[in-house]
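Here is the structure we will look at, set down as structure tokens.
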Amino acid sequence: MTPEISRRSALHAAALSIAAVVQGAETAHAAEDGSGIALGSALGGSAESAAAAPPDLAHYYLFREIVEGRRLVHRSGQWRFEGPPVPFDPAGVHPMVDDPNTELLPEGSPEQSASHRCDQAYTDVLTALHHVFDGHPDDFGNAVHLMLSLEKASRELIQMPYPAGGMTVLGPAFQLS
Amino acid sequence: MPQPETASTLGATKARAYLSSEKIADRCGLHDALQSALALEHATIPAYLYALLSLKPGRNVEVAGILREVLMQEMLHMALVGNILNAVGATPKIGLPGFVPHYPGQLPGDVLPELTVSLRRCSIEHVRDVFMSIEHPHVPVDLAGRRALARLESYDISLSDRGEIENAADEVLRAPREFFHSALYDEHTIGWFYQRIAAAVIDLDGREELFTGDPNRQVAWPTAPGRLYRVTNADTALWAILEIVRQGEGTPTDPTTGPQPAPPPLSSEGTS
């Protein structure tokens with residue numbers, strides 16, 4: 001274990017601890033219903049994600065670890081993809097559609113309503129961030145809360161099969177409302 | 001919502017103008033280039049988040065950890081650009097029409113124009129073909145620039161909870177200036193885009209009072225996955241730009257700092 005790795009771990013631990021500062025209820029809720037794997041635990045923290053402890057690599061190498069299926073480690077003076085496995089199981093992926101578009105969903109359907117709600121949650125996050133950077137830096141915590149609302153709205157869509165009778169489910173369209 | 005009438009400053013057309021022009025000539029040009037940077041940093045977030053959300057709870061946890069790490073750092077990059085914009089007296093505009101890309105579509109700023117970014121569930125193919133292409137490293141092409149970047153990486157800067165640099169001597173504070181002044185990047189890469197912004201900060205700061213923003217508008221994020229600098233002058237602005245470049249691109253001495261394991265050649269690099 002190099003000092004560099006421990007610095008990375010410290011950074012990662014710091015990233016996870018924002019939950020304790022900024023949120024309480026939402027994080028607890030996310031953990032309860034098992035939905036907190038995305039923003040919930042990124043901003044909220046969990047033992048599971050702490051164990052994953054990704055190193056402080058440039059983004060390209062982090063993504064390449066997924067493709068190679070191995071962590072990048074420094075051995076004998078060289079960086080190699082010979083570290084611990086980074087397993088990927090396609091069965092552990094929701095069959096979300098490609099490029100969902102709220103406007104193309106059946107007018108007035110529950111699916112379109114849910115997609116509109118999710119678009120609104122996304123728009124609310126951006127609006128809140130605009131407010132934070134427009135002279136209200138102390139409201140940053142509110143924007144984080146709204147990110148968790150976005151995750152919740154997204155997970156409702158992921159529960160909705162679409163198109164009817166097909167094998168796929170919806171996902172967030174990330175369109176401004 | 002913020003007023004939509006200034007949306008064109010964020011749109012791809014305007015951004016392309018600033019990416020391809022020779023030099024950022026004045027304060028207004030710097031503001032527009034930074035707004036483009038803000039849109040560019042944001043544009044990847046929906047794509048990464050879509051893939052992350054597709055992972056079932058408790059499954060693919062290593063992959064989820066990686067996606068989450070990158071996602072958080074993209075948020076940090078948005079915040080860094082936001083602090084720089086406020087420091088130079090502009091208001092960061094987030095969430096205007098044109099700020100959010102259409103998916104599938106191109107990145108803002110004419111960055112990697114051959115690459116189509118789409119919202120897809122996580123797969124090895126999608127990570128390899130799209131995510132790795134977006135983040136393909138573009139380190140400075142000249143040896144002096146690479147060495148300067150590696151030296152910068154070796155400084156162990158620490159920040160207060162407010163984002164102020166706590167432990168740096170004057171020469172360290174000023175160190176990014178020398179790097180950005182001399183580094184050569186391939187054109188139309190993200191590193192080149194930020195190098196031009198940094199060069200404009202140095203140039204304009206020497207000619208006028210550039211950092212006129214209210215310091216009370218600076219956003220702090222003590223637990224950020226990296227350093228969110230409090231930007232109040234050219235030195236802190238350059239350290240902020242360096243943080244974006246080093247997390248996204250790496251620097252030359254190792255993958256935390258650069259591409260030692262030779263990356264596969266990519267046709268979508270957009271270099272000339």
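Numbering starts fresh at 1 for the residues of each chain in the structure tokens, the chains themselves are lettered A, B, ... in the order given, and ligands are numbered from 1 as they appear.
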Arg155 of chain A: which residues within 10 Å, counting only C-alpha atoms, same-chain residues fewer than 3 positions away excluded, as a ChimeraX atom specification? /A:35-36,118,149-152,158-160,170-172 /B:53-54
Skipping near chain neighbours, those fewer than 5 positions away, what residues fall within 8 Å of segment 81-96 of chain B using only C-alpha atoms, listed as a ChimeraX atom specification? /A:123,126-127,129-130,133-134,176 /B:1-4,7,31,34-35,37-39,210-215,217-219,229-233,237,240-241
Give me the residues within 10 Å of Asp89 of chain A as a PyMOL selection string, counting only C-alpha atoms and dropping any in the same chain fewer than 6 places off. chain B and resi 55+59-60+63+123-124
My list of candidates is B:Ala234, B:Ala33, B:Leu52, B:Ile202. Which is closest to Val127 of chain B when distances are computed with only C-alpha atoms?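 With only C-alpha atoms as the atom set, the closest residue is B:Leu52.
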Residues within 6 Å of Val169 of chain A, please, as a PyMOL selection string. Count only C-alpha atoms; anything in the same chain fewer than 2 positions from it doesn't count. chain A and resi 95-97+158+160-162
Could you work out how far atom CA of His59 of chain A lies from atom CA of Phe88 of chain A, giving the answer in Å with one decimal?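 Going from atom CA of Phe88 of chain A over to atom CA of His59 of chain A covers 18.1 Å.
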Go through A:Glu156, A:Asp98, A:Glu103, A:Asp119 and flag the residue nearest chain B, using only C-alpha atoms for the distances.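 Ranking A:Glu156, A:Asp98, A:Glu103, A:Asp119 by distance to chain B, first place goes to A:Asp98.
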Determine the nearest neighbour of chain A from the options B:Thr223, B:Ser158, B:Ser133, B:Thr236, counting only C-alpha atoms.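 So, comparing all the options, the nearest one is B:Thr223.
When only C-alpha atoms are used to measure the gap to chain B, the shortest distance among A:Met167, A:Leu146, A:Ala173, A:Ala114 belongs to A:Ala173.
You can rank B:Glu135, B:His102, B:Gly109, B:His77 by their closest distance to chain A using only C-alpha atoms, and at the top of that list sits B:Glu135.
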Pick the closest to Asp186 of chain B from B:Met132, B:Leu152, B:Val139, B:Leu159: which is it, counting only C-alpha atoms?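 The shortest atom-to-atom distance to Asp186 of chain B comes from B:Val139.
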